[in-house]
Amino acid sequence: MSRVQNVIVDSVRTALGWVPAGWLPGGTPDPLIGKRGEVGRQASRLDGAAKVKGQARFSAEVAMPGLCYATLVHSTVTRGRITRLDTAAAQAAPGVVLVVTHRNMPRITSPALISMTDTSAVGNSDLPILQDDKVHYNGQVVAVVVAETQEQADHAAALLEIGYETTPAETRFEAAKPGARIIPSILIDRNHLSVGRAERELANAAHKVDAIYRTPGHNHNAIELHALTVAWAGDELTVHDTTQMIAGEAATLAKVFGVKREQVRVLSPFVGGGFGGKGVWDHQIVAVAAARMVKRPLRLQLSREGVYRIIGGRTPTEQHVAIGADAEGRFTALLHDGWSVMPTYGACPEQYTLGSRAAYRSKSFEMIQRHIDLAVVPNTFMRAPGEAIGTFALESAVDELAHAMGLDPIALRLRNLPDKHPVSGAPFSQHAPVKAWQDGAGRFGWERRSPTPGDRRDGEWRIGMGCGSGSFPYIRMPGANVRLTIRRDGTAVIACSAQEMGMGTATVLAQQTADRLGLPLDAVSVEMGDSALPAAPMAGGSAQTVSLAGAILAAAEKLPAELLRLAGNDSPLAGLRPGEIRLGQEGIGSATDASRHESYRSILTRANRDVVTVTAAGTAPLEMLKFAMHSTAAMFCELRVSDVTGEVRIDRLLGSFDCGAILNPRTAASQFRGGMIMGLGLALTEETLFDERSGRIMNPSLADYHVPAHLDVPEIDVMWTDIPDPRSPLGARGIGEIGITGVAAAVANAVFNATGKRVRDLPITLDKIL
């Protein structure tokens, strides 16, 4: 395990860490839990109008005088070194300002290596960035061309003459399996989990299933390409970037380029999709370096192919799942192991067994993950990393066992749902998967499913139904800070450096702030997307909203003392202590005497103050360590398969979720549906094709890598239990990633119900059905 892997595993263990979160000081539950004001209402997105009108400015749209443009040049070999580098033709091309190679690139340390000593820094690999002549994978950045226009930069990049001396490198999954590594830890849990005698229990089980499941690599395809616009003013650096880790990127760039943290400002008010891929990669480092070298503002936007070449995605996996059950269908053994790809220079273990450790109770468990070192672009987080593909294997196996036993697959799942965490024994904080399954089955019409595969037909089409369970852990990121300001006119501003990636974060923050202060929603504005604001955590792990909610809660707790100090002795609040008042009705008042109340406007006007401001970070008691916190999903699919062509057409999808309280039904439904659509891509269409001779990606475009389009997406229905989690701010848990989990299994199980053919190798293509 490399140094960068150790650091990132440790930091994520801390982040998932069981960092205490969600309650008021002293363990008092959040007073907004169970109450419905602005929170829980279907508020429209605050940024919706600006985006519809084209007024939302993205990173590649920032205008700067004297702007120049950059293009990356990628390695065409897998491993070796550069032996010939002729830049003369490129440098002489029209409009070229600079060609950057390892010969003139400033000496820097890779971001991931910096993170060894500075936990605020982030990075996706510990490889040097244009620091030497070595090549580590096909697609690695080997040069950058800067020109007056984008077209000139693209043309000159094609004129570079580069020769390589190649060295042997393993690029074949099967060939590398014998040398796979076992990393000591997978994020929040130990890698090798062994409880009881699973192999013996499996051998003695009355019923069992034992199978291999395979998933391919996947690439990130956000609508907005990775792009940044950079400007230096002396040692002051301004970066407009499409990123989901604003504060972390600012800290990283400061360290890499040897300036103070306060000299770096990263702005990213709008991000056109991230899904885990918009972290700190090589292109940001070389763009900032090149801008400093030419002493001009610079823009670098990756091409779609460029995203595939240097931005990692989901790793291919081969997973082995075995389940043993007694005569009544109660699990006696649950085994989940296998292989995934993670180069030694990578930083993201694909934790596909993590969800299996909390999904079902069993008499015994045996789980382990092995990581294969291939010479490929380092993989990274991608929506529900691990859980998305892990649930495909586990939930397919459960369906296979149910069919072999002649049981309804939902009945088998309900029979084995845990009432506490099946490995740690910790009680669940809030856990209602039974309700999610029952509600979902009722709305979907599960009773119409035939247990006999191929029993339902419509002409050439065989019709089937399938289901699958999904799960995702509750995560609270450390470092969630907010600044809460109340103005003299009675309006409020909530500010932090968080990212709005299209999921409605700003809207929900405004809703929560309005309820905590007792203000109408239109009296609250949100400032975010700027590293100059109080630092917020990265947008990832479905953690941003609940992390910031805890910080807003803490800020609201600090505010009464400041307001009482300003109110003075002439106020009806005189003599009250902070613990004796409540925020509400556009001001503060006594908790026990409704007549003692004063508005924010009145307090600030009498004190002759324009604003009152507090800054706070989210904290909570250690009591949270006693509980297991997981969101769950029950996924249902109805589809048809052509006898003639093998085509799969999805007719209906339904997702029933148990995710705590839902803060905004409109934005939540969008998040759930978006995840389910990505689940359809996982099941049916998405696959990164590697040339095993070279490790080169063969389909680096949306013409060859198919994400679900409009005609691929059926009617999608979503529902939820809306049961608050008492140990989380607002009773909420993250929802961004739970939507993709379980979908691929539901589709594969429906294909089996329609055809009798079990597909264990994604994506489900025609050749696997005919």
# chains A, B, ... in the order shown; residues from 1 in each chain; ligands from 1
>>> residues_around(residues="Val294 of chain A", least_positions_apart="5", cutoff="12 Å", atoms="only C-alpha atoms", output="PyMOL selection string")
chain A and resi 66-70+96-100+105+145-148+230-233+287-289
>>> select_by_dssp(residues="segment 265-491 of chain A", states="helix (DSSP H, G or I)", output="ChimeraX atom specification")
/A:282-294,304-310,356-359,387-405,409-416,433-444,446-448
>>> residues_around(residues="Ala668 of chain A", least_positions_apart="6", cutoff="9 Å", atoms="only C-alpha atoms", output="mmCIF file with N, CA, C and O atoms, in the first residue's frame")
data_model
loop_
_atom_site.group_PDB
_atom_site.id
_atom_site.type_symbol
_atom_site.label_atom_id
_atom_site.label_comp_id
_atom_site.auth_asym_id
_atom_site.auth_seq_id
_atom_site.Cartn_x
_atom_site.Cartn_y
_atom_site.Cartn_z
ATOM 1 N N MET A 503 -27.520 19.603 -7.348
ATOM 2 C CA MET A 503 -28.418 18.771 -6.543
ATOM 3 C C MET A 503 -29.346 19.575 -5.642
ATOM 4 O O MET A 503 -30.182 19.004 -4.954
ATOM 5 N N GLY A 504 -29.204 20.906 -5.639
ATOM 6 C CA GLY A 504 -30.095 21.732 -4.851
ATOM 7 C C GLY A 504 -29.575 22.069 -3.470
ATOM 8 O O GLY A 504 -30.353 22.431 -2.585
ATOM 9 N N ILE A 662 -36.837 13.799 4.466
ATOM 10 C CA ILE A 662 -36.587 14.386 3.150
ATOM 11 C C ILE A 662 -36.760 15.895 3.271
ATOM 12 O O ILE A 662 -37.823 16.389 3.648
ATOM 13 N N ILE A 735 -28.663 11.548 0.291
ATOM 14 C CA ILE A 735 -29.484 10.838 -0.685
ATOM 15 C C ILE A 735 -28.850 10.785 -2.075
ATOM 16 O O ILE A 735 -29.396 10.147 -2.973
ATOM 17 N N GLY A 736 -27.723 11.425 -2.287
ATOM 18 C CA GLY A 736 -27.184 11.545 -3.640
ATOM 19 C C GLY A 736 -26.761 10.233 -4.261
ATOM 20 O O GLY A 736 -26.806 10.082 -5.481
#
>>> residues_around(residues="Cys659 of chain A", least_positions_apart="2", cutoff="10 Å", atoms="only C-alpha atoms", output="number ranges by chain")
A: 430-433, 436, 471-472, 474, 629-633, 656-657, 661-662, 720-725, 731-735, 738
>>> write_last_selection(atoms="N, CA, C and O atoms", output="compact mmCIF listing (two decimals), in the first residue's frame")
# COMPACT_ATOMS: atom_id res chain seq x y z
N GLN A 430 -31.74 4.78 12.92
CA GLN A 430 -33.09 4.73 12.35
C GLN A 430 -33.00 3.79 11.16
O GLN A 430 -32.12 3.90 10.32
N HIS A 431 -33.91 2.82 11.10
CA HIS A 431 -33.75 1.74 10.12
C HIS A 431 -35.13 1.17 9.82
O HIS A 431 -35.71 0.47 10.65
N ALA A 432 -35.66 1.49 8.65
CA ALA A 432 -37.00 1.01 8.30
C ALA A 432 -37.03 0.40 6.90
O ALA A 432 -37.89 0.73 6.08
N PRO A 433 -36.11 -0.52 6.58
CA PRO A 433 -36.15 -1.13 5.24
C PRO A 433 -37.39 -1.98 5.01
O PRO A 433 -37.84 -2.12 3.86
N ALA A 436 -39.92 0.27 3.61
CA ALA A 436 -39.56 0.63 2.23
C ALA A 436 -39.93 -0.50 1.27
O ALA A 436 -40.48 -0.26 0.19
N SER A 471 -27.92 0.09 -0.45
CA SER A 471 -27.57 0.69 0.84
C SER A 471 -26.42 1.66 0.65
O SER A 471 -25.65 1.56 -0.30
N PHE A 472 -26.33 2.63 1.56
CA PHE A 472 -25.21 3.56 1.57
C PHE A 472 -25.07 4.10 2.98
O PHE A 472 -26.07 4.42 3.63
N TYR A 474 -24.24 6.52 6.22
CA TYR A 474 -24.34 7.93 6.59
C TYR A 474 -22.94 8.47 6.81
O TYR A 474 -22.14 7.88 7.56
N MET A 629 -25.50 3.89 11.17
CA MET A 629 -26.36 4.78 10.40
C MET A 629 -26.21 4.46 8.91
O MET A 629 -25.14 4.64 8.33
N HIS A 630 -27.28 3.98 8.32
CA HIS A 630 -27.28 3.58 6.92
C HIS A 630 -28.60 3.96 6.28
O HIS A 630 -29.66 3.83 6.89
N SER A 631 -28.54 4.41 5.03
CA SER A 631 -29.73 4.56 4.22
C SER A 631 -29.92 3.29 3.39
O SER A 631 -28.95 2.63 3.01
N THR A 632 -31.18 2.96 3.11
CA THR A 632 -31.47 1.75 2.35
C THR A 632 -32.48 2.05 1.25
O THR A 632 -33.20 3.04 1.29
N ALA A 633 -32.50 1.16 0.26
CA ALA A 633 -33.40 1.32 -0.88
C ALA A 633 -33.93 -0.03 -1.29
O ALA A 633 -33.24 -1.06 -1.19
N SER A 656 -37.91 2.75 -3.68
CA SER A 656 -38.52 3.06 -2.39
C SER A 656 -37.38 3.19 -1.38
O SER A 656 -36.62 2.25 -1.17
N PHE A 657 -37.27 4.37 -0.75
CA PHE A 657 -36.08 4.71 0.02
C PHE A 657 -36.39 4.95 1.49
O PHE A 657 -37.43 5.53 1.83
N ALA A 661 -35.33 11.96 7.11
CA ALA A 661 -36.28 12.98 6.68
C ALA A 661 -35.86 13.53 5.31
O ALA A 661 -34.67 13.73 5.04
N ILE A 662 -36.84 13.80 4.47
CA ILE A 662 -36.59 14.39 3.15
C ILE A 662 -36.76 15.90 3.27
O ILE A 662 -37.82 16.39 3.65
N TRP A 720 -40.55 7.42 -0.47
CA TRP A 720 -39.66 7.33 0.69
C TRP A 720 -40.48 7.22 1.97
O TRP A 720 -41.65 7.61 2.03
N THR A 721 -39.80 6.70 3.00
CA THR A 721 -40.48 6.54 4.30
C THR A 721 -40.60 7.86 5.03
O THR A 721 -41.53 8.05 5.82
N ASP A 722 -39.64 8.75 4.83
CA ASP A 722 -39.63 10.08 5.46
C ASP A 722 -39.65 9.98 6.99
O ASP A 722 -40.25 10.80 7.67
N ILE A 723 -38.95 8.99 7.52
CA ILE A 723 -38.84 8.83 8.97
C ILE A 723 -37.55 9.51 9.42
O ILE A 723 -36.46 9.11 9.01
N PRO A 724 -37.60 10.54 10.27
CA PRO A 724 -36.38 11.26 10.65
C PRO A 724 -35.40 10.38 11.42
O PRO A 724 -35.82 9.51 12.20
N ASP A 725 -34.14 10.61 11.18
CA ASP A 725 -33.09 9.98 11.98
C ASP A 725 -32.80 10.92 13.16
O ASP A 725 -32.36 12.05 12.96
N GLY A 731 -32.87 15.47 11.04
CA GLY A 731 -33.31 14.10 10.88
C GLY A 731 -32.96 13.50 9.53
O GLY A 731 -33.46 12.44 9.15
N ALA A 732 -32.06 14.18 8.77
CA ALA A 732 -31.79 13.79 7.38
C ALA A 732 -30.54 12.92 7.28
O ALA A 732 -29.66 12.95 8.15
N ARG A 733 -30.49 12.17 6.20
CA ARG A 733 -29.27 11.48 5.79
C ARG A 733 -29.02 11.81 4.32
O ARG A 733 -29.90 12.32 3.63
N GLY A 734 -27.85 11.50 3.82
CA GLY A 734 -27.53 11.80 2.43
C GLY A 734 -28.35 10.97 1.47
O GLY A 734 -28.69 9.82 1.75
N ILE A 735 -28.66 11.55 0.29
CA ILE A 735 -29.48 10.84 -0.69
C ILE A 735 -28.85 10.78 -2.07
O ILE A 735 -29.40 10.15 -2.97
N ILE A 738 -27.53 6.84 -2.88
CA ILE A 738 -28.34 5.65 -2.63
C ILE A 738 -29.15 5.27 -3.86
O ILE A 738 -29.48 4.09 -4.06
>>> closest_residue(among="A:Ala56, A:Leu680, A:Val286, A:Ala49", to="Val73 of chain A", atoms="only C-alpha atoms")
A:Val286
>>> residues_around(residues="Ala750 of chain A", least_positions_apart="3", cutoff="7 Å", atoms="only C-alpha atoms", output="list in words")
Gly464, Met465, Gly466, Cys637, Glu638, Leu639, Ala746, Val747, Asn753 and Ala754 of chain A
>>> write_last_selection(atoms="C-alpha atoms", output="compact mmCIF listing (two decimals), in the first residue's frame")
# COMPACT_ATOMS: atom_id res chain seq x y z
CA GLY A 464 -40.17 -9.95 -16.29
CA MET A 465 -40.02 -8.28 -12.90
CA GLY A 466 -37.02 -8.04 -10.62
CA CYS A 637 -37.92 -3.13 -12.31
CA GLU A 638 -40.32 -4.36 -14.99
CA LEU A 639 -38.89 -4.93 -18.46
CA ALA A 746 -33.06 -5.34 -10.11
CA VAL A 747 -32.59 -5.16 -13.90
CA ASN A 753 -37.53 -13.56 -14.61
CA ALA A 754 -38.33 -12.75 -18.24
>>> residues_around(residues="segment 388-403 of chain A", least_positions_apart="3", cutoff="9 Å", atoms="only C-alpha atoms", output="MDAnalysis selection string")
chainID A and resid 207:215 317 319:325 329 336 351:356 382:385 406:413 451 466:471 679 682:683 737:738 740:746 748:749 758 760
>>> write_last_selection(atoms="C-alpha atoms", output="PDB file, in the first residue's frame")
ATOM      1  CA  HIS A 207     -29.414 -24.282   0.461  1.00  0.00           C
ATOM      2  CA  LYS A 208     -26.586 -22.352  -1.162  1.00  0.00           C
ATOM      3  CA  VAL A 209     -25.524 -20.247  -4.105  1.00  0.00           C
ATOM      4  CA  ASP A 210     -21.914 -19.711  -5.156  1.00  0.00           C
ATOM      5  CA  ALA A 211     -21.157 -17.574  -8.216  1.00  0.00           C
ATOM      6  CA  ILE A 212     -18.807 -15.088  -9.872  1.00  0.00           C
ATOM      7  CA  TYR A 213     -20.039 -11.650 -10.971  1.00  0.00           C
ATOM      8  CA  ARG A 214     -18.140  -9.206 -13.157  1.00  0.00           C
ATOM      9  CA  THR A 215     -18.473  -5.480 -13.710  1.00  0.00           C
ATOM     10  CA  THR A 317     -14.180  -5.973 -10.722  1.00  0.00           C
ATOM     11  CA  GLN A 319     -16.597 -10.569  -7.392  1.00  0.00           C
ATOM     12  CA  HIS A 320     -17.290 -13.907  -5.755  1.00  0.00           C
ATOM     13  CA  VAL A 321     -20.444 -14.143  -3.638  1.00  0.00           C
ATOM     14  CA  ALA A 322     -21.600 -17.260  -1.814  1.00  0.00           C
ATOM     15  CA  ILE A 323     -24.615 -17.496   0.485  1.00  0.00           C
ATOM     16  CA  GLY A 324     -25.668 -20.452   2.603  1.00  0.00           C
ATOM     17  CA  ALA A 325     -29.101 -20.739   4.196  1.00  0.00           C
ATOM     18  CA  GLY A 329     -34.050 -19.528   4.388  1.00  0.00           C
ATOM     19  CA  HIS A 336     -18.035 -11.788  -0.587  1.00  0.00           C
ATOM     20  CA  GLN A 351     -14.957  -0.967  -1.447  1.00  0.00           C
ATOM     21  CA  TYR A 352     -17.480  -3.280  -3.094  1.00  0.00           C
ATOM     22  CA  THR A 353     -17.883  -5.502  -0.015  1.00  0.00           C
ATOM     23  CA  LEU A 354     -18.673  -2.600   2.318  1.00  0.00           C
ATOM     24  CA  GLY A 355     -22.426  -2.670   1.717  1.00  0.00           C
ATOM     25  CA  SER A 356     -22.550  -6.433   2.195  1.00  0.00           C
ATOM     26  CA  MET A 382     -17.753   7.399  -8.784  1.00  0.00           C
ATOM     27  CA  ARG A 383     -21.306   7.698  -7.473  1.00  0.00           C
ATOM     28  CA  ALA A 384     -21.726   5.149  -4.652  1.00  0.00           C
ATOM     29  CA  PRO A 385     -18.150   3.884  -5.074  1.00  0.00           C
ATOM     30  CA  GLY A 406     -38.756 -21.488  -4.481  1.00  0.00           C
ATOM     31  CA  LEU A 407     -39.175 -18.407  -2.294  1.00  0.00           C
ATOM     32  CA  ASP A 408     -40.334 -14.934  -3.247  1.00  0.00           C
ATOM     33  CA  PRO A 409     -37.139 -12.836  -3.411  1.00  0.00           C
ATOM     34  CA  ILE A 410     -38.652 -10.079  -1.252  1.00  0.00           C
ATOM     35  CA  ALA A 411     -39.714 -12.613   1.368  1.00  0.00           C
ATOM     36  CA  LEU A 412     -36.169 -14.005   1.509  1.00  0.00           C
ATOM     37  CA  ARG A 413     -34.732 -10.523   1.989  1.00  0.00           C
ATOM     38  CA  PRO A 451     -42.309 -16.777 -10.138  1.00  0.00           C
ATOM     39  CA  GLY A 466     -37.019  -8.041 -10.622  1.00  0.00           C
ATOM     40  CA  CYS A 467     -35.941  -6.331  -7.440  1.00  0.00           C
ATOM     41  CA  GLY A 468     -32.764  -5.488  -5.585  1.00  0.00           C
ATOM     42  CA  SER A 469     -31.766  -3.855  -2.344  1.00  0.00           C
ATOM     43  CA  GLY A 470     -29.423  -0.892  -2.041  1.00  0.00           C
ATOM     44  CA  SER A 471     -27.571   0.691   0.843  1.00  0.00           C
ATOM     45  CA  GLY A 679     -27.978   2.502 -12.412  1.00  0.00           C
ATOM     46  CA  LEU A 682     -24.446   0.382 -15.115  1.00  0.00           C
ATOM     47  CA  ALA A 683     -26.879  -2.419 -15.943  1.00  0.00           C
ATOM     48  CA  GLU A 737     -25.745   8.047  -3.996  1.00  0.00           C
ATOM     49  CA  ILE A 738     -28.342   5.651  -2.626  1.00  0.00           C
ATOM     50  CA  ILE A 740     -27.804   3.982  -7.989  1.00  0.00           C
ATOM     51  CA  THR A 741     -27.405   1.076  -5.561  1.00  0.00           C
ATOM     52  CA  GLY A 742     -29.495  -2.006  -6.240  1.00  0.00           C
ATOM     53  CA  VAL A 743     -30.676  -0.894  -9.704  1.00  0.00           C
ATOM     54  CA  ALA A 744     -28.336  -3.128 -11.735  1.00  0.00           C
ATOM     55  CA  ALA A 745     -29.371  -6.164  -9.708  1.00  0.00           C
ATOM     56  CA  ALA A 746     -33.064  -5.339 -10.107  1.00  0.00           C
ATOM     57  CA  ALA A 748     -30.533  -8.371 -14.081  1.00  0.00           C
ATOM     58  CA  ASN A 749     -33.033 -10.201 -11.882  1.00  0.00           C
ATOM     59  CA  ARG A 758     -28.898 -15.420 -15.536  1.00  0.00           C
ATOM     60  CA  ARG A 760     -23.635 -12.218 -14.126  1.00  0.00           C
TER      61      ARG A 760
END
>>> atom_distance(atom1="atom CA of Arg314 of chain A", atom2="atom CA of Asn379 of chain A")
6.0 Å
>>> residues_around(residues="Asp489 of chain A", least_positions_apart="4", cutoff="12 Å", atoms="only C-alpha atoms", output="JSON, numbers by chain")
{"A": [485, 493, 519, 523, 524, 586, 587, 599, 600, 601, 602, 603, 604, 605, 608, 609, 610, 611, 612]}
>>> atom_distance(atom1="atom CA of Asp118 of chain A", atom2="atom CA of Arg261 of chain A")
12.1 Å
>>> atom_distance(atom1="atom CA of Leu762 of chain A", atom2="atom CA of His218 of chain A")
11.0 Å
>>> closest_residue(among="A:His220, A:His226, A:Arg81, A:His597", to="Ala60 of chain A", atoms="only C-alpha atoms")
A:His226
>>> closest_residue(among="A:Glu692, A:Asp282, A:Asp455, A:Asp515", to="Glu174 of chain A", atoms="only C-alpha atoms")
A:Glu692
>>> closest_residue(among="A:Val271, A:Val141, A:Ala92, A:Ala669", to="Gly502 of chain A", atoms="only C-alpha atoms")
A:Val271
>>> select_by_dssp(residues="segment 357-412 of chain A", states="strand (DSSP E or B)", output="JSON, numbers by chain")
{"A": [365, 366, 367, 368, 369, 370, 371, 372]}
>>> closest_residue(among="A:Ala227, A:Leu335, A:Val508, A:Ala551", to="Gln301 of chain A", atoms="only C-alpha atoms")
A:Ala227
